[in-house]
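File shown: entry-v3.cif. Contents: mmCIF, C-alpha atoms.
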data_protein
#
loop_
_atom_site.label_atom_id
_atom_site.label_comp_id
_atom_site.auth_asym_id
_atom_site.auth_seq_id
_atom_site.Cartn_x
_atom_site.Cartn_y
_atom_site.Cartn_z
CA MET A 1038 -41.28 3.71 7.06
CA LYS A 1039 -37.83 3.94 5.45
CA ASN A 1040 -34.85 3.94 7.81
CA PRO A 1041 -32.88 7.20 8.16
CA LYS A 1042 -30.00 7.50 5.74
CA LEU A 1043 -26.56 6.43 6.96
CA ARG A 1044 -24.33 9.47 7.28
CA LEU A 1045 -21.21 8.33 5.43
CA ILE A 1046 -17.76 9.91 5.30
CA PHE A 1047 -15.38 8.84 2.56
CA ALA A 1048 -11.61 9.04 3.02
CA GLY A 1049 -9.31 8.44 0.06
CA THR A 1050 -6.82 10.14 -2.23
CA PRO A 1051 -5.61 8.48 -5.49
CA ALA A 1052 -7.39 7.21 -8.60
CA PHE A 1053 -7.87 3.80 -6.95
CA ALA A 1054 -10.05 5.46 -4.30
CA LYS A 1055 -11.88 7.63 -6.82
CA VAL A 1056 -13.50 4.55 -8.38
CA THR A 1057 -15.10 3.61 -5.04
CA LEU A 1058 -16.25 7.17 -4.36
CA GLN A 1059 -17.93 7.30 -7.75
CA ALA A 1060 -19.75 4.04 -7.04
CA LEU A 1061 -20.99 5.36 -3.69
CA ILE A 1062 -22.17 8.60 -5.30
CA ASP A 1063 -24.00 6.66 -7.99
CA LYS A 1064 -25.69 4.35 -5.47
CA GLN A 1065 -26.56 6.76 -2.66
CA ASN A 1066 -30.29 6.14 -2.99
CA GLU A 1067 -29.95 2.38 -3.40
CA LEU A 1068 -27.71 2.16 -0.34
CA ASN A 1069 -29.74 4.71 1.62
CA ILE A 1070 -26.61 6.73 2.42
CA ASP A 1071 -25.78 10.41 2.55
CA ILE A 1072 -22.13 11.24 1.78
CA VAL A 1073 -21.74 14.12 4.21
CA ALA A 1074 -18.02 14.76 3.64
CA VAL A 1075 -14.94 13.54 1.79
CA TYR A 1076 -11.52 13.45 3.42
CA THR A 1077 -8.41 13.48 1.23
CA GLN A 1078 -4.74 14.44 1.35
CA PRO A 1079 -3.81 18.12 1.09
CA ASP A 1080 -3.13 19.46 -2.42
CA ARG A 1081 0.41 18.67 -3.56
CA LYS A 1082 2.81 20.18 -6.08
CA ALA A 1083 3.13 17.95 -9.12
CA GLY A 1084 4.52 17.92 -12.64
CA ARG A 1085 7.42 19.81 -14.15
CA GLY A 1086 5.85 23.12 -13.25
CA GLN A 1087 5.27 22.00 -9.66
CA LYS A 1088 1.70 23.28 -9.86
CA LEU A 1089 -0.48 22.75 -6.80
CA THR A 1090 -2.70 19.80 -7.73
CA GLN A 1091 -5.87 18.36 -6.22
CA SER A 1092 -6.17 14.64 -5.61
CA PRO A 1093 -8.45 12.65 -7.95
CA VAL A 1094 -10.82 12.13 -5.01
CA LYS A 1095 -11.03 15.85 -4.28
CA GLU A 1096 -11.75 16.63 -7.93
CA LEU A 1097 -14.64 14.18 -7.95
CA ALA A 1098 -16.06 15.34 -4.63
CA THR A 1099 -15.90 18.98 -5.66
CA ALA A 1100 -17.66 18.21 -8.94
CA HIS A 1101 -20.54 16.70 -6.92
CA HIS A 1102 -20.59 19.55 -4.37
CA ILE A 1103 -19.57 17.31 -1.47
CA PRO A 1104 -17.76 19.08 1.39
CA VAL A 1105 -14.03 18.30 1.32
CA GLU A 1106 -11.73 18.16 4.36
CA GLN A 1107 -7.91 17.97 4.04
CA PRO A 1108 -6.43 17.71 7.53
CA ILE A 1109 -2.70 17.25 7.91
CA SER A 1110 -3.08 15.31 11.16
CA PHE A 1111 -5.51 13.76 13.61
CA SER A 1112 -3.02 13.72 16.47
CA LEU A 1113 -4.23 15.14 19.77
CA LYS A 1114 -0.68 16.40 20.34
CA SER A 1115 -1.23 19.19 17.82
CA GLU A 1116 -3.83 21.93 17.67
CA ASN A 1117 -4.49 21.05 14.05
CA GLY A 1118 -5.18 17.44 15.01
CA GLN A 1119 -7.56 18.45 17.77
CA VAL A 1120 -9.52 20.68 15.40
CA SER A 1121 -9.58 17.87 12.80
CA ARG A 1122 -11.16 15.49 15.31
CA GLU A 1123 -13.75 18.07 16.35
CA THR A 1124 -14.65 18.70 12.71
CA LEU A 1125 -15.04 14.98 12.08
CA ALA A 1126 -17.26 14.53 15.13
CA ASN A 1127 -19.44 17.45 14.05
CA TYR A 1128 -20.38 15.57 10.88
CA LYS A 1129 -22.00 12.94 13.16
CA PRO A 1130 -20.90 10.08 10.88
CA ASP A 1131 -22.50 6.65 11.04
CA VAL A 1132 -19.73 5.02 9.02
CA MET A 1133 -16.46 5.95 7.32
CA VAL A 1134 -15.22 4.21 4.17
CA VAL A 1135 -11.43 4.41 3.79
CA VAL A 1136 -9.62 3.65 0.52
CA ALA A 1137 -5.91 4.46 0.11
CA TYR A 1138 -6.28 7.59 2.20
CA GLY A 1139 -2.63 7.97 3.16
CA LEU A 1140 -3.11 9.43 6.65
CA ILE A 1141 -2.92 7.42 9.87
CA LEU A 1142 -6.26 7.25 11.67
CA PRO A 1143 -5.83 7.01 15.47
CA LEU A 1144 -8.14 4.82 17.53
CA GLY A 1145 -10.17 7.86 18.58
CA VAL A 1146 -10.93 8.59 14.92
CA LEU A 1147 -11.73 4.95 14.14
CA ASN A 1148 -14.27 4.96 16.97
CA THR A 1149 -15.94 8.23 15.98
CA PRO A 1150 -18.42 6.80 13.42
CA THR A 1151 -21.25 4.77 14.95
CA PHE A 1152 -20.33 1.68 12.91
CA GLY A 1153 -16.62 2.40 12.74
CA CYS A 1154 -14.34 2.65 9.71
CA LEU A 1155 -14.34 0.20 6.80
CA ASN A 1156 -11.23 -0.21 4.67
CA VAL A 1157 -11.09 -1.40 1.05
CA HIS A 1158 -7.74 -3.21 0.83
CA GLY A 1159 -6.16 -4.52 -2.38
CA SER A 1160 -5.22 -8.03 -1.29
CA LEU A 1161 -6.67 -11.16 0.28
CA LEU A 1162 -5.75 -10.48 3.90
CA PRO A 1163 -3.79 -11.42 5.89
CA HIS A 1164 -1.62 -11.86 2.77
CA PHE A 1165 0.15 -8.60 1.88
CA ARG A 1166 -0.85 -6.17 4.55
CA GLY A 1167 0.70 -2.77 3.98
CA ALA A 1168 1.43 -0.15 1.36
CA ALA A 1169 2.12 -1.96 -1.92
CA PRO A 1170 0.03 -5.15 -2.19
CA ILE A 1171 -0.51 -4.91 -5.96
CA GLN A 1172 3.16 -4.59 -6.88
CA ARG A 1173 4.23 -7.20 -4.34
CA ALA A 1174 1.71 -9.74 -5.63
CA ILE A 1175 3.08 -9.46 -9.17
CA LEU A 1176 6.69 -9.58 -8.00
CA ALA A 1177 5.97 -12.69 -5.96
CA GLY A 1178 4.54 -14.47 -8.99
CA ASP A 1179 1.14 -14.88 -7.31
CA THR A 1180 -1.62 -16.10 -9.59
CA GLU A 1181 -4.39 -14.67 -7.44
CA THR A 1182 -5.12 -11.60 -5.35
CA GLY A 1183 -8.31 -9.79 -4.47
CA ILE A 1184 -10.12 -7.29 -2.28
CA THR A 1185 -10.77 -7.45 1.44
CA ILE A 1186 -13.30 -5.23 3.18
CA MET A 1187 -11.94 -4.84 6.69
CA GLN A 1188 -13.19 -3.32 9.94
CA MET A 1189 -10.29 -1.03 10.78
CA ASP A 1190 -8.49 -1.23 14.11
CA LYS A 1191 -5.32 0.39 15.45
CA GLY A 1192 -3.01 -2.11 13.72
CA LEU A 1193 -1.68 -1.99 10.16
CA ASP A 1194 -4.35 -3.81 8.14
CA THR A 1195 -5.02 -6.15 11.08
CA GLY A 1196 -8.76 -5.59 11.50
CA ASP A 1197 -11.51 -8.18 11.23
CA MET A 1198 -12.47 -9.18 7.69
CA LEU A 1199 -16.05 -8.57 6.58
CA TYR A 1200 -15.95 -9.64 2.95
CA LYS A 1201 -13.42 -10.95 0.42
CA VAL A 1202 -13.52 -11.31 -3.35
CA ASP A 1203 -10.89 -13.03 -5.54
CA CYS A 1204 -9.14 -11.70 -8.63
CA ALA A 1205 -6.90 -13.73 -10.94
CA ILE A 1206 -3.49 -12.31 -11.84
CA GLU A 1207 -2.85 -12.97 -15.52
CA ASP A 1208 0.72 -13.40 -16.75
CA THR A 1209 0.24 -10.24 -18.81
CA ASP A 1210 -1.03 -8.10 -15.92
CA THR A 1211 0.95 -5.02 -14.98
CA THR A 1212 0.57 -2.93 -11.84
CA GLN A 1213 -1.70 -0.60 -13.81
CA THR A 1214 -3.99 -3.27 -15.25
CA LEU A 1215 -4.27 -5.08 -11.92
CA HIS A 1216 -4.83 -1.75 -10.15
CA ASP A 1217 -7.74 -0.99 -12.48
CA LYS A 1218 -9.34 -4.41 -12.00
CA LEU A 1219 -9.04 -4.24 -8.22
CA ALA A 1220 -10.36 -0.68 -8.11
CA VAL A 1221 -13.59 -1.85 -9.73
CA LEU A 1222 -13.78 -4.97 -7.55
CA GLY A 1223 -13.24 -2.83 -4.46
CA SER A 1224 -16.06 -0.47 -5.37
CA GLU A 1225 -18.39 -3.41 -5.93
CA ALA A 1226 -17.33 -5.10 -2.70
CA ILE A 1227 -17.98 -2.09 -0.45
CA VAL A 1228 -21.39 -1.61 -2.07
CA THR A 1229 -22.19 -5.25 -1.26
CA VAL A 1230 -21.18 -4.77 2.38
CA LEU A 1231 -23.07 -1.50 2.84
CA LYS A 1232 -26.27 -3.11 1.57
CA ASP A 1233 -26.26 -5.35 4.66
CA LEU A 1234 -23.69 -3.82 6.98
CA SER A 1235 -24.96 -5.20 10.30
CA ASN A 1236 -24.97 -8.75 8.93
CA TYR A 1237 -21.39 -8.52 7.63
CA GLN A 1238 -20.18 -6.98 10.87
CA ASN A 1239 -21.88 -9.68 12.93
CA LYS A 1240 -20.13 -12.36 10.86
CA ALA A 1241 -16.71 -10.66 10.85
CA GLU A 1242 -13.71 -13.00 10.71
CA LYS A 1243 -10.52 -12.40 12.65
CA GLN A 1244 -7.28 -12.52 10.71
CA ASN A 1245 -4.75 -15.26 11.36
CA ASP A 1246 -1.64 -13.29 12.25
CA ASP A 1247 0.52 -16.38 11.73
CA LEU A 1248 -0.30 -16.22 8.02
CA ALA A 1249 0.35 -12.49 7.67
CA ASN A 1250 3.08 -10.91 5.58
CA TYR A 1251 3.71 -7.31 4.62
CA ALA A 1252 3.81 -5.50 1.31
CA GLU A 1253 6.53 -2.99 2.05
CA LYS A 1254 6.60 0.31 0.20
CA ILE A 1255 8.40 0.07 -3.14
CA THR A 1256 11.81 1.71 -3.37
CA THR A 1257 13.36 3.15 -6.53
CA ASP A 1258 16.33 0.79 -6.30
CA GLU A 1259 14.02 -2.22 -6.67
CA GLY A 1260 13.43 -1.17 -10.26
CA LEU A 1261 17.08 -1.70 -11.25
CA ILE A 1262 17.23 -4.83 -13.39
CA ASN A 1263 19.82 -7.48 -12.57
CA TRP A 1264 20.21 -9.30 -15.87
CA GLN A 1265 21.73 -12.28 -14.05
CA ASN A 1266 18.20 -13.08 -12.83
CA ASP A 1267 16.04 -15.39 -14.92
CA ALA A 1268 13.76 -13.99 -17.62
CA PHE A 1269 10.54 -14.74 -15.74
CA SER A 1270 11.52 -12.84 -12.60
CA ILE A 1271 12.73 -9.92 -14.75
CA ASN A 1272 9.40 -10.03 -16.56
CA ARG A 1273 7.56 -9.70 -13.24
CA GLN A 1274 9.86 -6.85 -12.22
CA ILE A 1275 9.06 -4.94 -15.41
CA ARG A 1276 5.33 -5.57 -15.06
CA ALA A 1277 5.28 -4.52 -11.41
CA LEU A 1278 7.73 -1.63 -11.15
CA ASN A 1279 9.30 1.31 -12.94
CA ALA A 1280 12.05 -0.99 -14.14
CA PHE A 1281 15.26 0.44 -15.56
CA THR A 1282 18.74 -0.44 -16.73
CA PHE A 1283 21.75 1.34 -18.19
CA LEU A 1284 23.14 1.32 -21.72
CA ASN A 1285 26.41 3.09 -22.48
CA GLY A 1286 26.07 4.94 -19.19
CA GLU A 1287 22.57 6.21 -19.99
CA ARG A 1288 19.55 5.25 -17.91
CA VAL A 1289 16.81 3.48 -19.88
CA LYS A 1290 13.35 2.52 -18.68
CA ILE A 1291 12.02 -0.88 -19.75
CA LEU A 1292 8.27 -0.34 -20.07
CA ALA A 1293 6.94 -3.58 -21.53
CA CYS A 1294 8.13 -7.06 -22.38
CA LYS A 1295 7.31 -10.73 -22.46
CA PRO A 1296 9.49 -13.77 -21.68
CA ILE A 1297 10.07 -16.51 -24.23
CA LYS A 1298 11.54 -19.96 -23.94
CA ASN A 1299 14.55 -20.81 -26.06
CA ASP A 1300 14.25 -23.65 -28.52
CA GLN A 1301 17.86 -24.61 -27.95
CA VAL A 1302 20.46 -24.43 -25.22
CA THR A 1303 22.31 -21.11 -25.24
CA SER A 1304 24.92 -19.40 -23.10
CA GLU A 1305 24.85 -15.74 -24.05
CA PRO A 1306 26.16 -13.19 -21.53
CA ALA A 1307 23.36 -11.88 -19.31
CA GLY A 1308 22.18 -8.48 -20.51
CA LYS A 1309 23.42 -8.94 -24.08
CA VAL A 1310 21.14 -7.63 -26.83
CA VAL A 1311 20.91 -10.70 -29.05
CA SER A 1312 18.85 -9.02 -31.74
CA VAL A 1313 17.00 -5.76 -32.40
CA GLY A 1314 13.82 -6.64 -34.27
CA ARG A 1315 10.68 -4.84 -35.35
CA ASN A 1316 8.55 -6.88 -32.94
CA ALA A 1317 10.92 -7.02 -29.98
CA ILE A 1318 14.44 -6.47 -28.72
CA LEU A 1319 15.73 -9.88 -27.65
CA VAL A 1320 17.91 -9.78 -24.50
CA ALA A 1321 19.69 -12.66 -22.78
CA CYS A 1322 18.95 -13.20 -19.09
CA GLY A 1323 20.42 -15.41 -16.39
CA LYS A 1324 19.63 -19.08 -16.08
CA ASN A 1325 16.62 -20.33 -14.11
CA THR A 1326 16.71 -22.93 -11.34
CA ASP A 1327 16.87 -25.71 -13.94
CA GLY A 1328 20.00 -24.22 -15.42
CA VAL A 1329 18.24 -23.16 -18.63
CA GLN A 1330 18.79 -19.71 -20.08
CA HIS A 1331 15.85 -17.77 -21.45
CA PHE A 1332 15.66 -14.56 -23.40
CA ILE A 1333 13.23 -11.76 -22.81
CA ASN A 1334 11.42 -9.78 -25.50
CA ILE A 1335 11.45 -6.05 -24.77
CA THR A 1336 8.59 -4.41 -26.60
CA GLN A 1337 8.77 -0.83 -25.28
CA MET A 1338 11.58 1.31 -23.89
CA GLN A 1339 12.18 4.93 -22.92
CA TRP A 1340 15.46 6.86 -22.84
CA ALA A 1341 15.84 9.71 -20.35
CA GLY A 1342 14.06 12.87 -21.50
CA ALA A 1343 12.52 11.12 -24.52
CA LYS A 1344 9.15 9.62 -25.40
CA PRO A 1345 8.43 5.89 -25.04
CA LEU A 1346 9.44 3.91 -28.12
CA THR A 1347 8.08 0.63 -29.45
CA ALA A 1348 10.41 -2.09 -30.66
CA ASP A 1349 9.55 -1.15 -34.24
CA GLN A 1350 10.55 2.48 -33.63
CA ILE A 1351 13.75 1.40 -31.93
CA ALA A 1352 14.64 -0.95 -34.79
CA ASN A 1353 14.36 1.96 -37.22
CA GLY A 1354 16.80 4.08 -35.19
CA ASP A 1355 20.34 3.76 -33.94
CA LYS A 1356 19.86 3.92 -30.15
CA ILE A 1357 20.60 0.24 -29.68
CA ASN A 1358 22.31 -2.46 -31.77
CA ASP A 1359 22.87 -6.21 -31.81
CA GLY A 1360 25.64 -7.11 -29.39
CA ASP A 1361 25.11 -4.16 -27.02
CA VAL A 1362 25.10 -5.09 -23.34
CA PHE A 1363 22.82 -3.61 -20.69
CA GLU A 1364 24.64 -2.64 -17.53
CA MET A 1365 23.70 -2.97 -13.87
CA VAL A 1366 25.07 0.42 -12.88
CA GLN A 1367 25.94 3.64 -14.60
CA SER A 1368 29.51 3.68 -15.90
#
Would you give me this structure, written as structure tokens?
Amino acid sequence: MKNPKLRLIFAGTPAFAKVTLQALIDKQNELNIDIVAVYTQPDRKAGRGQKLTQSPVKELATAHHIPVEQPISFSLKSENGQVSRETLANYKPDVMVVVAYGLILPLGVLNTPTFGCLNVHGSLLPHFRGAAPIQRAILAGDTETGITIMQMDKGLDTGDMLYKVDCAIEDTDTTQTLHDKLAVLGSEAIVTVLKDLSNYQNKAEKQNDDLANYAEKITTDEGLINWQNDAFSINRQIRALNAFTFLNGERVKILACKPIKNDQVTSEPAGKVVSVGRNAILVACGKNTDGVQHFINITQMQWAGAKPLTADQIANGDKINDGDVFEMVQS
């Protein structure tokens, strides 16, 4: 006789989480699960019109007629939090899968499902616990990251590890491309764990806290390019963040680039536009640790209030010229 279906609750909010929810929906029969509810962040105002917008996870759940819950708190100190906990308990969950949910789950919530809460985390724990593991991995120049399926506890990404899968970071990866790769890997990893949950939980591995570091939330100021830095670190900054600079007092986003190595020793001022070409805008950067200066090829830029422009489009206009110098701060 077939075992009763696991009553599963999914908690997630952004597009990264949506990929995992879709995989669980597609494999409900194979995994012998019943997705009894989806938890996601409350609808938020977004866009220029500040229209109330559903999360990607809510949109998917609604399309599949899965009940959606959007509590603002699980704290027992508030009436709302007390009701939220009662609602969760009434679903009688066996397991909760959490992916970039964005709401703190107290210990009482973590212990509500029979088999606890499983988190899909976008790094190889204990490396880069916290909010921004994808961006931090690129900024750090890491060549590898991955997915960790973790049994959640009351700490910040400190729970026992059930399963890990590696993912190479290519030198062309951006936050978006790495996000997309890890989203798929995460969906596959949680499916693997749910196929044999008791076995993975019995073999859970504790994290070594001595090896832990934290991926702090990204701030806007981190996107400001310091042209005195070497070309390779600036390249990582552009790939990882919403990088920007200033030209003639106007803020400009640098959307895409690639570093190149000079064939000869140069000493151009950092931030100087050496040439505006159809394939790239060549900009001088600071020297690296060996004392060698490299240039960086900017291939896409965006001025405030305008559409993104390729190097070819920029070369055909008059927004930037040879000899211009990017600034650190607005003049």
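Distance check against Thr1057 in chain A using only C-alpha atoms: of A:Val1228, A:Ser1270, A:Gly1084, A:Met1198, the minimum falls on A:Val1228.
Closest to Arg1315 in chain A among A:Gln1330, A:Thr1282, A:Thr1185, A:Gln1350 is A:Gln1350, based on only C-alpha atoms.
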Given the PyMOL selection byres ((chain A and resi 1199-1203) around 10), the residues it picks as a ChimeraX atom specification: /A:1155-1158,1160-1162,1181-1188,1196-1198,1204-1206,1219,1222-1223,1225-1227,1229-1230,1234,1236-1243
Go ahead and save the picked residues with C-alpha atoms, as an mmCIF file, in the coordinates of the input.
data_model
loop_
_atom_site.group_PDB
_atom_site.id
_atom_site.type_symbol
_atom_site.label_atom_id
_atom_site.label_comp_id
_atom_site.auth_asym_id
_atom_site.auth_seq_id
_atom_site.Cartn_x
_atom_site.Cartn_y
_atom_site.Cartn_z
ATOM 1 C CA LEU A 1155 -14.340 0.200 6.800
ATOM 2 C CA ASN A 1156 -11.230 -0.210 4.670
ATOM 3 C CA VAL A 1157 -11.090 -1.400 1.050
ATOM 4 C CA HIS A 1158 -7.740 -3.210 0.830
ATOM 5 C CA SER A 1160 -5.220 -8.030 -1.290
ATOM 6 C CA LEU A 1161 -6.670 -11.160 0.280
ATOM 7 C CA LEU A 1162 -5.750 -10.480 3.900
ATOM 8 C CA GLU A 1181 -4.390 -14.670 -7.440
ATOM 9 C CA THR A 1182 -5.120 -11.600 -5.350
ATOM 10 C CA GLY A 1183 -8.310 -9.790 -4.470
ATOM 11 C CA ILE A 1184 -10.120 -7.290 -2.280
ATOM 12 C CA THR A 1185 -10.770 -7.450 1.440
ATOM 13 C CA ILE A 1186 -13.300 -5.230 3.180
ATOM 14 C CA MET A 1187 -11.940 -4.840 6.690
ATOM 15 C CA GLN A 1188 -13.190 -3.320 9.940
ATOM 16 C CA GLY A 1196 -8.760 -5.590 11.500
ATOM 17 C CA ASP A 1197 -11.510 -8.180 11.230
ATOM 18 C CA MET A 1198 -12.470 -9.180 7.690
ATOM 19 C CA CYS A 1204 -9.140 -11.700 -8.630
ATOM 20 C CA ALA A 1205 -6.900 -13.730 -10.940
ATOM 21 C CA ILE A 1206 -3.490 -12.310 -11.840
ATOM 22 C CA LEU A 1219 -9.040 -4.240 -8.220
ATOM 23 C CA LEU A 1222 -13.780 -4.970 -7.550
ATOM 24 C CA GLY A 1223 -13.240 -2.830 -4.460
ATOM 25 C CA GLU A 1225 -18.390 -3.410 -5.930
ATOM 26 C CA ALA A 1226 -17.330 -5.100 -2.700
ATOM 27 C CA ILE A 1227 -17.980 -2.090 -0.450
ATOM 28 C CA THR A 1229 -22.190 -5.250 -1.260
ATOM 29 C CA VAL A 1230 -21.180 -4.770 2.380
ATOM 30 C CA LEU A 1234 -23.690 -3.820 6.980
ATOM 31 C CA ASN A 1236 -24.970 -8.750 8.930
ATOM 32 C CA TYR A 1237 -21.390 -8.520 7.630
ATOM 33 C CA GLN A 1238 -20.180 -6.980 10.870
ATOM 34 C CA ASN A 1239 -21.880 -9.680 12.930
ATOM 35 C CA LYS A 1240 -20.130 -12.360 10.860
ATOM 36 C CA ALA A 1241 -16.710 -10.660 10.850
ATOM 37 C CA GLU A 1242 -13.710 -13.000 10.710
ATOM 38 C CA LYS A 1243 -10.520 -12.400 12.650
#
The PyMOL selection byres ((chain A and resi 1262) around 10) resolved against shown file, as a PyMOL selection string: chain A and resi 1258-1261+1263-1266+1270-1272+1274-1275+1280-1283+1290-1291+1308+1363-1366
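Closest approach to Gly1145 in chain A among A:Lys1191, A:Asn1117, A:Leu1176, A:Asp1210 is made by A:Lys1191 (distances from all atoms listed in the file).
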